[in-house]
Amino acid sequence: MKPERQYRIERDLLGEKAIPADAYYGIHTARAAENFQISGRRTNINMIMAVVLVKKAAAMAHRKLKHAEPKVVEAVIAACEDILEGKFNDQFIVDAFQGGAGTSTNMNANEVIANRAIELLGGVKGDYSVVHPLNHVNCCQSTNDVYPTAMRIAAIKLLRPLSEAFAQLQTALQEKENELADVIRLGRTQLMDALPMMAGQGFGAYARAVARDRWRLYKVEERLREINIGGTAIGTGMNASVKYVFMVTDILQDITGLGLARSEYPMDNTQNMDVFVEVSGLLKAAAVNLMKISNDLRLLASGPAGGLGEMKLPAVQAGSSIMPGKVNPVIPEMVGQLALKIISNDAAITGAAMNGQLELNAFSPLIAEALLESLELMTKAVALFERKCIRGIEANKKRCLENVEKSSALATALVHHLGYDMASDIAKKAWQQGRTVRQVAEDEGLLPPELLDRILNPLQVTKPGIPGR
């Protein structure tokens with residue numbers, strides 16, 4: 001038989017509430033958990049950890065400035081360190097979607113830190129005369145400077161591995177470019193036959209698109225480094241000493257290892273969320289490229305017998321519950337869905353950012369949740385795309401060459417020598433008669449055979465210049 005759960009009574013301006021005696025969160029968190037039963041998704045753990053880093057830096061500044069009893073400050077710092085080690089993840093229970101511009105998440109952190117500090121000092125959880133969530137843990141702070149600062153820290157910490165994942169994808173695409181440099185395939189424009197190309201050239205184009213994404217995401221970190229901690233409620237810095245404002249920023253630099261800088265105008269960073277729209281916009285641009293590449297690979301691998309069948313994607317799982325032997329391009333499909341999710345998150349971030357009013361944006365929890373989700377999802381998807389798809393791609397050289405030879409697109413190489421109209425007539429006859437351009441051109445006898453060989457050499461038409469010269 002389960003022992004009956006014990007409760008403690010906590011009080012706030014609304015009255016009393018019973019809180020589980022073993023809980024590290026308190027009354028503010030409990031009310032928020034009841035008020036925002038929305039998604040079943042708790043606040044992103046990366047956001048929680050960033051908030052706790054801010055709390056730790058603040059406590060370290062208070063220690064230097066002697067703003068509280070040394071034992072209290074040391075306990076708060078120790079409690080933050082315990083949380084940062086992942087020991088209390090289950091105590092952060094507030095839904096990701098919440099009103100209050102992040103106040104519920106901030107209070108959740110304040111209460112868990114306070115109660116862990118109380119416990120470390122030998123007290124009983126809920127006895128805030130020992131360590132107070134607001135008077136001690138939240139000293140010289142407001143949700144409105146803690147939350148935006150934590151958003152930036154969390155985003156930077158997730159941007160870095162994403163940039164590295166794109167670097168690995170770029171490398172894999174470049175290696176595939178070299179590997180398939182001697183494989184000729186038919187190019188397509190508007191899904192119709194176009195000029196021949198080297199299969200490696202297609203991967204080279206992908207690599208360059210990914211390289212731009214990598215660089216853009218690497219550089220955007222610079223805009224995230226400016227933080228408003230010390231600005232308190234609206235950016236004026238009321239209730240935070242000047243010494244604290246400078247010191248807490250320096251400490252945050254040290255404990256995060258990030259190039260953070262104090263905002264010269266904290267009111268701007270408190271109310272304006274455009275930097276997160278910028279980051280999200282770059283994620284959207286990267287998603288567009290990922291969608292394009294994944295769709296191309298699905299087309300090139302289609303069939304294989306009844307489609308293009310020019311590329312072979314790695315088989316990672318059986319494709320059908322009813323059709324034996326079917327293997328689907330599930331990794332590119334996953335990447336495509338991820339791209340759509342990120343684009344939809346970008347729309348949410350854009351809407352939330354532009355709907356802030358006056359000195360604060362009340363929709364910052366939506367921005368944080370959507371942006372951090374996009375960063376996490378894209379990092380995982382890019383890594384899987386590179387490892388489970390790109391590196392294992394093979395070319396069906398025979399099929400590629402057959403499609404080139406069967407296509408009337410090679411008639412383009414004859415334009416300079418015969419003129420557009422005559423070349424077009426040869427292409428039309430080749431298509432109608434089910435023959436190759438070479439065969440029709442030979443029958444027409446318009447060019448010497450040795451010149452025709454040079455002009456219609458598929459390898460020559462993949463390079464700049466006039467074929468046959």
# chains A, B, ... in the order shown; residues from 1 in each chain; ligands from 1

call {"tool": "residues_around", "arguments": {"residues": "range 114-127 of chain A", "least_positions_apart": "6", "cutoff": "7 Å", "atoms": "only C-alpha atoms", "output": "PDB file with N, CA and C atoms, in the first residue's frame"}}
result
ATOM      1  N   GLU A  10       1.673  26.689   1.550  1.00  0.00           N
ATOM      2  CA  GLU A  10       2.373  27.916   1.183  1.00  0.00           C
ATOM      3  C   GLU A  10       1.348  29.001   0.896  1.00  0.00           C
ATOM      4  N   TYR A  24      10.189  20.476  -4.742  1.00  0.00           N
ATOM      5  CA  TYR A  24      11.120  21.598  -4.646  1.00  0.00           C
ATOM      6  C   TYR A  24      10.498  22.870  -5.219  1.00  0.00           C
ATOM      7  N   ALA A  75      24.758  28.555  -0.588  1.00  0.00           N
ATOM      8  CA  ALA A  75      23.743  27.510  -0.764  1.00  0.00           C
ATOM      9  C   ALA A  75      22.995  27.694  -2.083  1.00  0.00           C
ATOM     10  N   VAL A  76      22.716  28.942  -2.435  1.00  0.00           N
ATOM     11  CA  VAL A  76      22.037  29.217  -3.711  1.00  0.00           C
ATOM     12  C   VAL A  76      22.928  28.782  -4.880  1.00  0.00           C
ATOM     13  N   ALA A  79      22.953  25.044  -5.037  1.00  0.00           N
ATOM     14  CA  ALA A  79      21.685  24.542  -5.560  1.00  0.00           C
ATOM     15  C   ALA A  79      21.643  24.681  -7.078  1.00  0.00           C
ATOM     16  N   PRO A 133      12.727  32.698  -2.360  1.00  0.00           N
ATOM     17  CA  PRO A 133      12.812  32.644  -3.826  1.00  0.00           C
ATOM     18  C   PRO A 133      13.006  34.007  -4.482  1.00  0.00           C
ATOM     19  N   VAL A 137      17.053  34.544  -4.237  1.00  0.00           N
ATOM     20  CA  VAL A 137      17.368  33.953  -5.549  1.00  0.00           C
ATOM     21  C   VAL A 137      17.124  34.951  -6.676  1.00  0.00           C
TER      22      VAL A 137
END

call {"tool": "select_by_dssp", "arguments": {"residues": "range 43-258 of chain A", "states": "strand (DSSP E)", "output": "JSON list (two decimals) with N, CA and C atoms, in the first residue's frame"}}
result
[["chain", "number", "residue", "atom", "x", "y", "z"],
["A", 184, "ILE", "N", 28.23, 10.62, -65.55],
["A", 184, "ILE", "CA", 27.40, 11.55, -66.28],
["A", 184, "ILE", "C", 25.92, 11.20, -66.09],
["A", 185, "ARG", "N", 25.12, 12.23, -65.91],
["A", 185, "ARG", "CA", 23.68, 12.02, -65.82],
["A", 185, "ARG", "C", 22.98, 13.15, -66.53],
["A", 186, "LEU", "N", 21.71, 12.97, -66.76],
["A", 186, "LEU", "CA", 20.92, 13.97, -67.46],
["A", 186, "LEU", "C", 20.45, 15.04, -66.48],
["A", 187, "GLY", "N", 20.68, 16.29, -66.83],
["A", 187, "GLY", "CA", 20.13, 17.37, -66.03],
["A", 187, "GLY", "C", 18.66, 17.56, -66.38],
["A", 188, "ARG", "N", 17.92, 18.16, -65.49],
["A", 188, "ARG", "CA", 16.50, 18.44, -65.75],
["A", 188, "ARG", "C", 16.17, 19.86, -65.35],
["A", 189, "THR", "N", 15.37, 20.50, -66.15],
["A", 189, "THR", "CA", 14.80, 21.80, -65.78],
["A", 189, "THR", "C", 13.30, 21.69, -65.94],
["A", 192, "MET", "N", 11.84, 18.37, -66.86],
["A", 192, "MET", "CA", 11.99, 17.87, -68.22],
["A", 192, "MET", "C", 13.48, 17.74, -68.56],
["A", 193, "ASP", "N", 13.78, 16.87, -69.54],
["A", 193, "ASP", "CA", 15.17, 16.64, -69.92],
["A", 193, "ASP", "C", 15.86, 17.95, -70.29],
["A", 194, "ALA", "N", 17.08, 18.13, -69.75],
["A", 194, "ALA", "CA", 17.90, 19.29, -70.09],
["A", 194, "ALA", "C", 19.28, 18.79, -70.51],
["A", 195, "LEU", "N", 20.30, 19.57, -70.32],
["A", 195, "LEU", "CA", 21.63, 19.18, -70.76],
["A", 195, "LEU", "C", 22.23, 18.13, -69.83],
["A", 196, "PRO", "N", 23.15, 17.33, -70.34],
["A", 196, "PRO", "CA", 23.88, 16.39, -69.48],
["A", 196, "PRO", "C", 24.77, 17.14, -68.47],
["A", 197, "MET", "N", 25.07, 16.50, -67.41],
["A", 197, "MET", "CA", 25.93, 17.05, -66.36],
["A", 197, "MET", "C", 26.62, 15.90, -65.66],
["A", 198, "MET", "N", 27.60, 16.22, -64.86],
["A", 198, "MET", "CA", 28.23, 15.19, -64.04],
["A", 198, "MET", "C", 27.42, 15.07, -62.74],
["A", 226, "GLU", "N", 24.36, 40.12, -27.10],
["A", 226, "GLU", "CA", 24.04, 41.31, -26.31],
["A", 226, "GLU", "C", 22.88, 41.00, -25.37],
["A", 227, "ILE", "N", 23.11, 41.12, -24.06],
["A", 227, "ILE", "CA", 22.11, 40.71, -23.07],
["A", 227, "ILE", "C", 21.66, 41.91, -22.22]]

call {"tool": "residues_around", "arguments": {"residues": "Asn289 in chain A", "least_positions_apart": "6", "cutoff": "12 Å", "atoms": "only C-alpha atoms", "output": "mmCIF file with N, CA and C atoms, in the first residue's frame"}}
result
data_model
loop_
_atom_site.group_PDB
_atom_site.id
_atom_site.type_symbol
_atom_site.label_atom_id
_atom_site.label_comp_id
_atom_site.auth_asym_id
_atom_site.auth_seq_id
_atom_site.Cartn_x
_atom_site.Cartn_y
_atom_site.Cartn_z
ATOM 1 N N PHE A 166 25.994 21.281 -39.859
ATOM 2 C CA PHE A 166 26.001 21.727 -41.253
ATOM 3 C C PHE A 166 27.396 21.598 -41.868
ATOM 4 N N ALA A 205 26.662 21.615 -56.083
ATOM 5 C CA ALA A 205 25.709 22.718 -55.914
ATOM 6 C C ALA A 205 25.036 22.633 -54.542
ATOM 7 N N TYR A 206 24.690 21.421 -54.123
ATOM 8 C CA TYR A 206 24.103 21.250 -52.787
ATOM 9 C C TYR A 206 25.083 21.704 -51.707
ATOM 10 N N ALA A 207 26.346 21.321 -51.868
ATOM 11 C CA ALA A 207 27.362 21.655 -50.866
ATOM 12 C C ALA A 207 27.495 23.162 -50.705
ATOM 13 N N ARG A 208 27.391 23.885 -51.814
ATOM 14 C CA ARG A 208 27.532 25.328 -51.727
ATOM 15 C C ARG A 208 26.332 25.989 -51.050
ATOM 16 N N ALA A 209 25.161 25.452 -51.279
ATOM 17 C CA ALA A 209 23.981 25.972 -50.583
ATOM 18 C C ALA A 209 24.099 25.737 -49.076
ATOM 19 N N VAL A 210 24.543 24.546 -48.718
ATOM 20 C CA VAL A 210 24.709 24.209 -47.298
ATOM 21 C C VAL A 210 25.818 25.052 -46.669
ATOM 22 N N ALA A 211 26.854 25.343 -47.436
ATOM 23 C CA ALA A 211 27.939 26.185 -46.918
ATOM 24 C C ALA A 211 27.418 27.573 -46.550
ATOM 25 N N ARG A 212 26.511 28.105 -47.364
ATOM 26 C CA ARG A 212 25.920 29.408 -47.021
ATOM 27 C C ARG A 212 25.129 29.327 -45.732
ATOM 28 N N ASP A 213 24.367 28.250 -45.578
ATOM 29 C CA ASP A 213 23.596 28.073 -44.337
ATOM 30 C C ASP A 213 24.530 27.996 -43.137
ATOM 31 N N ARG A 214 25.585 27.243 -43.286
ATOM 32 C CA ARG A 214 26.545 27.092 -42.191
ATOM 33 C C ARG A 214 27.115 28.447 -41.789
ATOM 34 N N LEU A 282 16.941 32.557 -40.628
ATOM 35 C CA LEU A 282 18.075 31.810 -41.187
ATOM 36 C C LEU A 282 17.830 30.301 -41.099
ATOM 37 N N LEU A 283 17.163 29.882 -40.042
ATOM 38 C CA LEU A 283 16.779 28.468 -39.953
ATOM 39 C C LEU A 283 15.793 28.131 -41.069
ATOM 40 N N ASN A 295 14.133 16.555 -51.618
ATOM 41 C CA ASN A 295 13.199 16.280 -52.716
ATOM 42 C C ASN A 295 13.930 15.833 -53.975
ATOM 43 N N ASP A 296 15.068 16.473 -54.273
ATOM 44 C CA ASP A 296 15.864 16.063 -55.431
ATOM 45 C C ASP A 296 16.301 14.607 -55.308
ATOM 46 N N VAL A 335 13.544 14.534 -43.388
ATOM 47 C CA VAL A 335 14.158 15.856 -43.527
ATOM 48 C C VAL A 335 13.144 16.859 -44.084
ATOM 49 N N GLY A 336 12.338 16.424 -45.048
ATOM 50 C CA GLY A 336 11.326 17.306 -45.610
ATOM 51 C C GLY A 336 10.286 17.727 -44.587
ATOM 52 N N LEU A 338 10.749 17.836 -41.361
ATOM 53 C CA LEU A 338 11.453 18.718 -40.429
ATOM 54 C C LEU A 338 11.513 20.136 -40.996
ATOM 55 N N ALA A 339 11.790 20.238 -42.290
ATOM 56 C CA ALA A 339 11.860 21.557 -42.924
ATOM 57 C C ALA A 339 10.527 22.285 -42.807
ATOM 58 N N LEU A 340 9.437 21.581 -43.045
ATOM 59 C CA LEU A 340 8.113 22.192 -42.935
ATOM 60 C C LEU A 340 7.810 22.628 -41.507
ATOM 61 N N ILE A 343 9.715 25.852 -40.812
ATOM 62 C CA ILE A 343 9.079 26.977 -41.503
ATOM 63 C C ILE A 343 7.811 27.404 -40.764
ATOM 64 N N VAL A 382 19.830 17.158 -39.514
ATOM 65 C CA VAL A 382 20.991 17.347 -40.392
ATOM 66 C C VAL A 382 22.016 16.245 -40.148
#

call {"tool": "atom_distance", "arguments": {"atom1": "CA of Gly281 in chain A", "atom2": "CA of Asp346 in chain A"}}
result
6.6 Å

call {"tool": "residues_around", "arguments": {"residues": "Glu175 in chain A", "least_positions_apart": "5", "cutoff": "10 Å", "atoms": "only C-alpha atoms", "output": "list in words"}}
result
Leu169, Gln170, Leu180, Ala181, Gly200, Phe203, Gly204, Ala207, Ile390 and Arg391 of chain A

call {"tool": "residues_around", "arguments": {"residues": "Ser280 in chain A", "least_positions_apart": "5", "cutoff": "10 Å", "atoms": "only C-alpha atoms", "output": "PyMOL selection string"}}
result
chain A and resi 217+274-275+285-286+342-343+345-350+367+370-372+374-375

call {"tool": "write_last_selection", "arguments": {"atoms": "C-alpha atoms", "output": "short mmCIF file (atom, residue, chain, number, x, y, z; two decimals), in the first residue's frame"}}
result
data_model
loop_
_atom_site.label_atom_id
_atom_site.label_comp_id
_atom_site.auth_asym_id
_atom_site.auth_seq_id
_atom_site.Cartn_x
_atom_site.Cartn_y
_atom_site.Cartn_z
CA LEU A 217 24.13 30.42 -38.71
CA ASP A 274 13.69 40.87 -33.72
CA VAL A 275 16.99 39.07 -33.16
CA ALA A 285 16.41 29.53 -45.25
CA ALA A 286 18.35 26.41 -44.25
CA ILE A 342 10.80 24.78 -38.94
CA ILE A 343 9.08 26.98 -41.50
CA ASN A 345 7.78 27.62 -36.29
CA ASP A 346 9.24 30.63 -38.06
CA ALA A 347 5.73 31.90 -38.77
CA ALA A 348 4.86 31.55 -35.08
CA ILE A 349 8.05 33.35 -34.01
CA THR A 350 7.41 36.16 -36.47
CA ILE A 367 9.31 32.48 -29.24
CA ALA A 370 9.53 27.46 -31.13
CA LEU A 371 13.10 28.67 -31.67
CA LEU A 372 14.75 26.16 -29.35
CA SER A 374 13.71 24.35 -34.33
CA LEU A 375 17.37 24.44 -33.32
#

call {"tool": "select_by_dssp", "arguments": {"residues": "range 112-199 of chain A", "states": "helix (DSSP H, G or I)", "output": "ChimeraX atom specification"}}
result
/A:112-120,133-137,143-179,199

call {"tool": "write_last_selection", "arguments": {"atoms": "N, CA and C atoms", "output": "compact mmCIF listing (two decimals), in the first residue's frame"}}
result
# COMPACT_ATOMS: atom_id res chain seq x y z
N VAL A 112 12.64 26.26 -7.01
CA VAL A 112 13.43 25.02 -6.93
C VAL A 112 14.82 25.33 -6.36
N ILE A 113 15.42 26.42 -6.81
CA ILE A 113 16.74 26.81 -6.27
C ILE A 113 16.63 27.10 -4.78
N ALA A 114 15.61 27.87 -4.40
CA ALA A 114 15.46 28.24 -2.99
C ALA A 114 15.27 27.01 -2.11
N ASN A 115 14.39 26.10 -2.52
CA ASN A 115 14.11 24.93 -1.68
C ASN A 115 15.29 23.97 -1.61
N ARG A 116 16.04 23.87 -2.72
CA ARG A 116 17.25 23.04 -2.65
C ARG A 116 18.28 23.70 -1.74
N ALA A 117 18.39 25.04 -1.79
CA ALA A 117 19.32 25.74 -0.92
C ALA A 117 18.92 25.59 0.55
N ILE A 118 17.61 25.68 0.80
CA ILE A 118 17.10 25.47 2.17
C ILE A 118 17.50 24.08 2.66
N GLU A 119 17.31 23.09 1.82
CA GLU A 119 17.66 21.71 2.15
C GLU A 119 19.14 21.58 2.45
N LEU A 120 19.98 22.22 1.65
CA LEU A 120 21.43 22.16 1.85
C LEU A 120 21.84 22.81 3.17
N PRO A 133 12.73 32.70 -2.36
CA PRO A 133 12.81 32.64 -3.83
C PRO A 133 13.01 34.01 -4.48
N LEU A 134 12.40 35.06 -3.88
CA LEU A 134 12.48 36.38 -4.48
C LEU A 134 13.54 37.26 -3.82
N ASN A 135 13.54 37.32 -2.50
CA ASN A 135 14.48 38.19 -1.80
C ASN A 135 15.92 37.76 -1.99
N HIS A 136 16.14 36.46 -2.15
CA HIS A 136 17.51 35.95 -2.31
C HIS A 136 17.81 35.51 -3.74
N VAL A 137 17.05 34.54 -4.24
CA VAL A 137 17.37 33.95 -5.55
C VAL A 137 17.12 34.95 -6.68
N THR A 143 11.89 38.88 -14.17
CA THR A 143 11.70 37.95 -15.29
C THR A 143 12.11 38.62 -16.60
N ASN A 144 11.89 39.93 -16.67
CA ASN A 144 12.03 40.64 -17.93
C ASN A 144 13.47 40.89 -18.35
N ASP A 145 14.42 40.67 -17.45
CA ASP A 145 15.82 40.67 -17.88
C ASP A 145 16.41 39.26 -17.82
N VAL A 146 15.90 38.43 -16.91
CA VAL A 146 16.38 37.05 -16.81
C VAL A 146 15.98 36.24 -18.04
N TYR A 147 14.70 36.35 -18.42
CA TYR A 147 14.17 35.49 -19.48
C TYR A 147 14.79 35.79 -20.85
N PRO A 148 14.81 37.07 -21.29
CA PRO A 148 15.46 37.34 -22.58
C PRO A 148 16.94 36.99 -22.60
N THR A 149 17.63 37.20 -21.46
CA THR A 149 19.04 36.82 -21.39
C THR A 149 19.19 35.31 -21.53
N ALA A 150 18.34 34.57 -20.83
CA ALA A 150 18.40 33.10 -20.93
C ALA A 150 18.05 32.62 -22.33
N MET A 151 17.12 33.29 -23.00
CA MET A 151 16.78 32.92 -24.38
C MET A 151 18.00 33.00 -25.28
N ARG A 152 18.77 34.05 -25.10
CA ARG A 152 19.97 34.22 -25.91
C ARG A 152 21.03 33.17 -25.61
N ILE A 153 21.22 32.90 -24.33
CA ILE A 153 22.21 31.89 -23.95
C ILE A 153 21.82 30.53 -24.49
N ALA A 154 20.56 30.16 -24.32
CA ALA A 154 20.09 28.85 -24.80
C ALA A 154 20.22 28.74 -26.31
N ALA A 155 19.88 29.82 -27.02
CA ALA A 155 19.95 29.79 -28.48
C ALA A 155 21.39 29.65 -28.95
N ILE A 156 22.31 30.38 -28.34
CA ILE A 156 23.72 30.27 -28.73
C ILE A 156 24.24 28.86 -28.50
N LYS A 157 23.89 28.30 -27.35
CA LYS A 157 24.38 26.95 -27.03
C LYS A 157 23.86 25.90 -28.02
N LEU A 158 22.69 26.14 -28.61
CA LEU A 158 22.15 25.21 -29.59
C LEU A 158 22.60 25.55 -31.01
N LEU A 159 22.93 26.81 -31.25
CA LEU A 159 23.40 27.20 -32.58
C LEU A 159 24.75 26.57 -32.91
N ARG A 160 25.61 26.48 -31.94
CA ARG A 160 26.96 25.99 -32.19
C ARG A 160 26.98 24.55 -32.71
N PRO A 161 26.31 23.61 -32.05
CA PRO A 161 26.28 22.25 -32.61
C PRO A 161 25.55 22.18 -33.95
N LEU A 162 24.57 23.06 -34.18
CA LEU A 162 23.89 23.07 -35.48
C LEU A 162 24.85 23.50 -36.59
N SER A 163 25.63 24.54 -36.31
CA SER A 163 26.62 24.99 -37.29
C SER A 163 27.61 23.87 -37.60
N GLU A 164 28.00 23.13 -36.58
CA GLU A 164 28.93 22.02 -36.79
C GLU A 164 28.26 20.90 -37.59
N ALA A 165 26.98 20.65 -37.34
CA ALA A 165 26.27 19.62 -38.11
C ALA A 165 26.22 19.99 -39.58
N PHE A 166 25.99 21.28 -39.86
CA PHE A 166 26.00 21.73 -41.25
C PHE A 166 27.40 21.60 -41.87
N ALA A 167 28.42 21.81 -41.06
CA ALA A 167 29.78 21.64 -41.57
C ALA A 167 30.02 20.20 -41.99
N GLN A 168 29.54 19.26 -41.19
CA GLN A 168 29.69 17.84 -41.51
C GLN A 168 28.88 17.49 -42.76
N LEU A 169 27.68 18.05 -42.89
CA LEU A 169 26.87 17.80 -44.08
C LEU A 169 27.55 18.36 -45.32
N GLN A 170 28.10 19.55 -45.20
CA GLN A 170 28.82 20.16 -46.32
C GLN A 170 29.98 19.27 -46.75
N THR A 171 30.73 18.77 -45.79
CA THR A 171 31.86 17.88 -46.10
C THR A 171 31.39 16.62 -46.81
N ALA A 172 30.31 16.03 -46.33
CA ALA A 172 29.79 14.80 -46.95
C ALA A 172 29.36 15.06 -48.39
N LEU A 173 28.74 16.20 -48.64
CA LEU A 173 28.30 16.55 -49.99
C LEU A 173 29.50 16.80 -50.91
N GLN A 174 30.53 17.43 -50.38
CA GLN A 174 31.73 17.68 -51.17
C GLN A 174 32.45 16.37 -51.51
N GLU A 175 32.46 15.46 -50.56
CA GLU A 175 33.07 14.16 -50.83
C GLU A 175 32.28 13.40 -51.88
N LYS A 176 30.96 13.52 -51.83
CA LYS A 176 30.13 12.87 -52.85
C LYS A 176 30.33 13.55 -54.21
N GLU A 177 30.56 14.85 -54.21
CA GLU A 177 30.87 15.58 -55.44
C GLU A 177 32.11 14.98 -56.11
N ASN A 178 33.14 14.74 -55.32
CA ASN A 178 34.37 14.17 -55.88
C ASN A 178 34.18 12.72 -56.30
N GLU A 179 33.45 11.99 -55.48
CA GLU A 179 33.24 10.56 -55.76
C GLU A 179 32.49 10.33 -57.07
N ALA A 199 27.19 13.88 -62.31
CA ALA A 199 26.42 13.67 -61.08
C ALA A 199 27.05 14.42 -59.91

call {"tool": "atom_distance", "arguments": {"atom1": "CA of Phe88 in chain A", "atom2": "CA of Ala50 in chain A"}}
result
14.3 Å

call {"tool": "residues_around", "arguments": {"residues": "Met311 in chain A", "least_positions_apart": "3", "cutoff": "9 Å", "atoms": "only C-alpha atoms", "output": "list of chain:residue names"}}
result
A:Leu297, A:Arg298, A:Leu299, A:Leu300, A:Ala301, A:Ser302, A:Pro304, A:Leu308, A:Ile393, A:Glu394, A:Ala395, A:Asn396, A:Lys397, A:Arg399, A:Cys400

call {"tool": "write_last_selection", "arguments": {"atoms": "N, CA and C atoms", "output": "CSV table (one decimal), in the first residue's frame"}}
result
chain,number,residue,atom,x,y,z
A,297,LEU,N,16.8,14.2,-54.1
A,297,LEU,CA,17.2,12.9,-53.9
A,297,LEU,C,16.1,11.9,-54.1
A,298,ARG,N,14.9,12.2,-53.6
A,298,ARG,CA,13.8,11.3,-53.8
A,298,ARG,C,13.4,11.2,-55.2
A,299,LEU,N,13.5,12.2,-56.0
A,299,LEU,CA,13.2,12.1,-57.5
A,299,LEU,C,14.3,11.3,-58.2
A,300,LEU,N,15.6,11.6,-57.9
A,300,LEU,CA,16.7,10.8,-58.5
A,300,LEU,C,16.7,9.4,-58.2
A,301,ALA,N,16.2,9.0,-57.0
A,301,ALA,CA,16.1,7.6,-56.6
A,301,ALA,C,14.8,6.9,-56.9
A,302,SER,N,13.9,7.7,-57.5
A,302,SER,CA,12.5,7.2,-57.6
A,302,SER,C,12.5,5.9,-58.5
A,304,PRO,N,12.8,2.0,-58.2
A,304,PRO,CA,13.9,2.4,-59.1
A,304,PRO,C,13.6,2.0,-60.6
A,308,LEU,N,13.1,7.5,-62.1
A,308,LEU,CA,14.4,7.9,-62.7
A,308,LEU,C,15.5,6.8,-62.4
A,393,ILE,N,25.0,7.3,-50.5
A,393,ILE,CA,24.4,7.4,-51.8
A,393,ILE,C,25.4,6.8,-52.9
A,394,GLU,N,24.8,6.0,-53.8
A,394,GLU,CA,25.5,5.5,-54.9
A,394,GLU,C,24.8,5.8,-56.2
A,395,ALA,N,25.6,5.9,-57.3
A,395,ALA,CA,25.0,6.3,-58.6
A,395,ALA,C,24.8,5.0,-59.4
A,396,ASN,N,23.7,4.9,-60.0
A,396,ASN,CA,23.4,3.8,-61.0
A,396,ASN,C,24.0,4.3,-62.3
A,397,LYS,N,25.2,4.0,-62.5
A,397,LYS,CA,25.9,4.6,-63.7
A,397,LYS,C,25.3,4.2,-65.0
A,399,ARG,N,22.1,3.3,-65.6
A,399,ARG,CA,20.9,4.0,-65.9
A,399,ARG,C,21.1,5.5,-66.2
A,400,CYS,N,22.1,6.1,-65.6
A,400,CYS,CA,22.4,7.5,-65.9
A,400,CYS,C,22.8,7.7,-67.3

call {"tool": "residues_around", "arguments": {"residues": "range 38-43 of chain A", "least_positions_apart": "3", "cutoff": "12 Å", "atoms": "only C-alpha atoms", "output": "PyMOL selection string"}}
result
chain A and resi 32-35+46-51+89-99+102-106+108-109+151+365-370+372-373
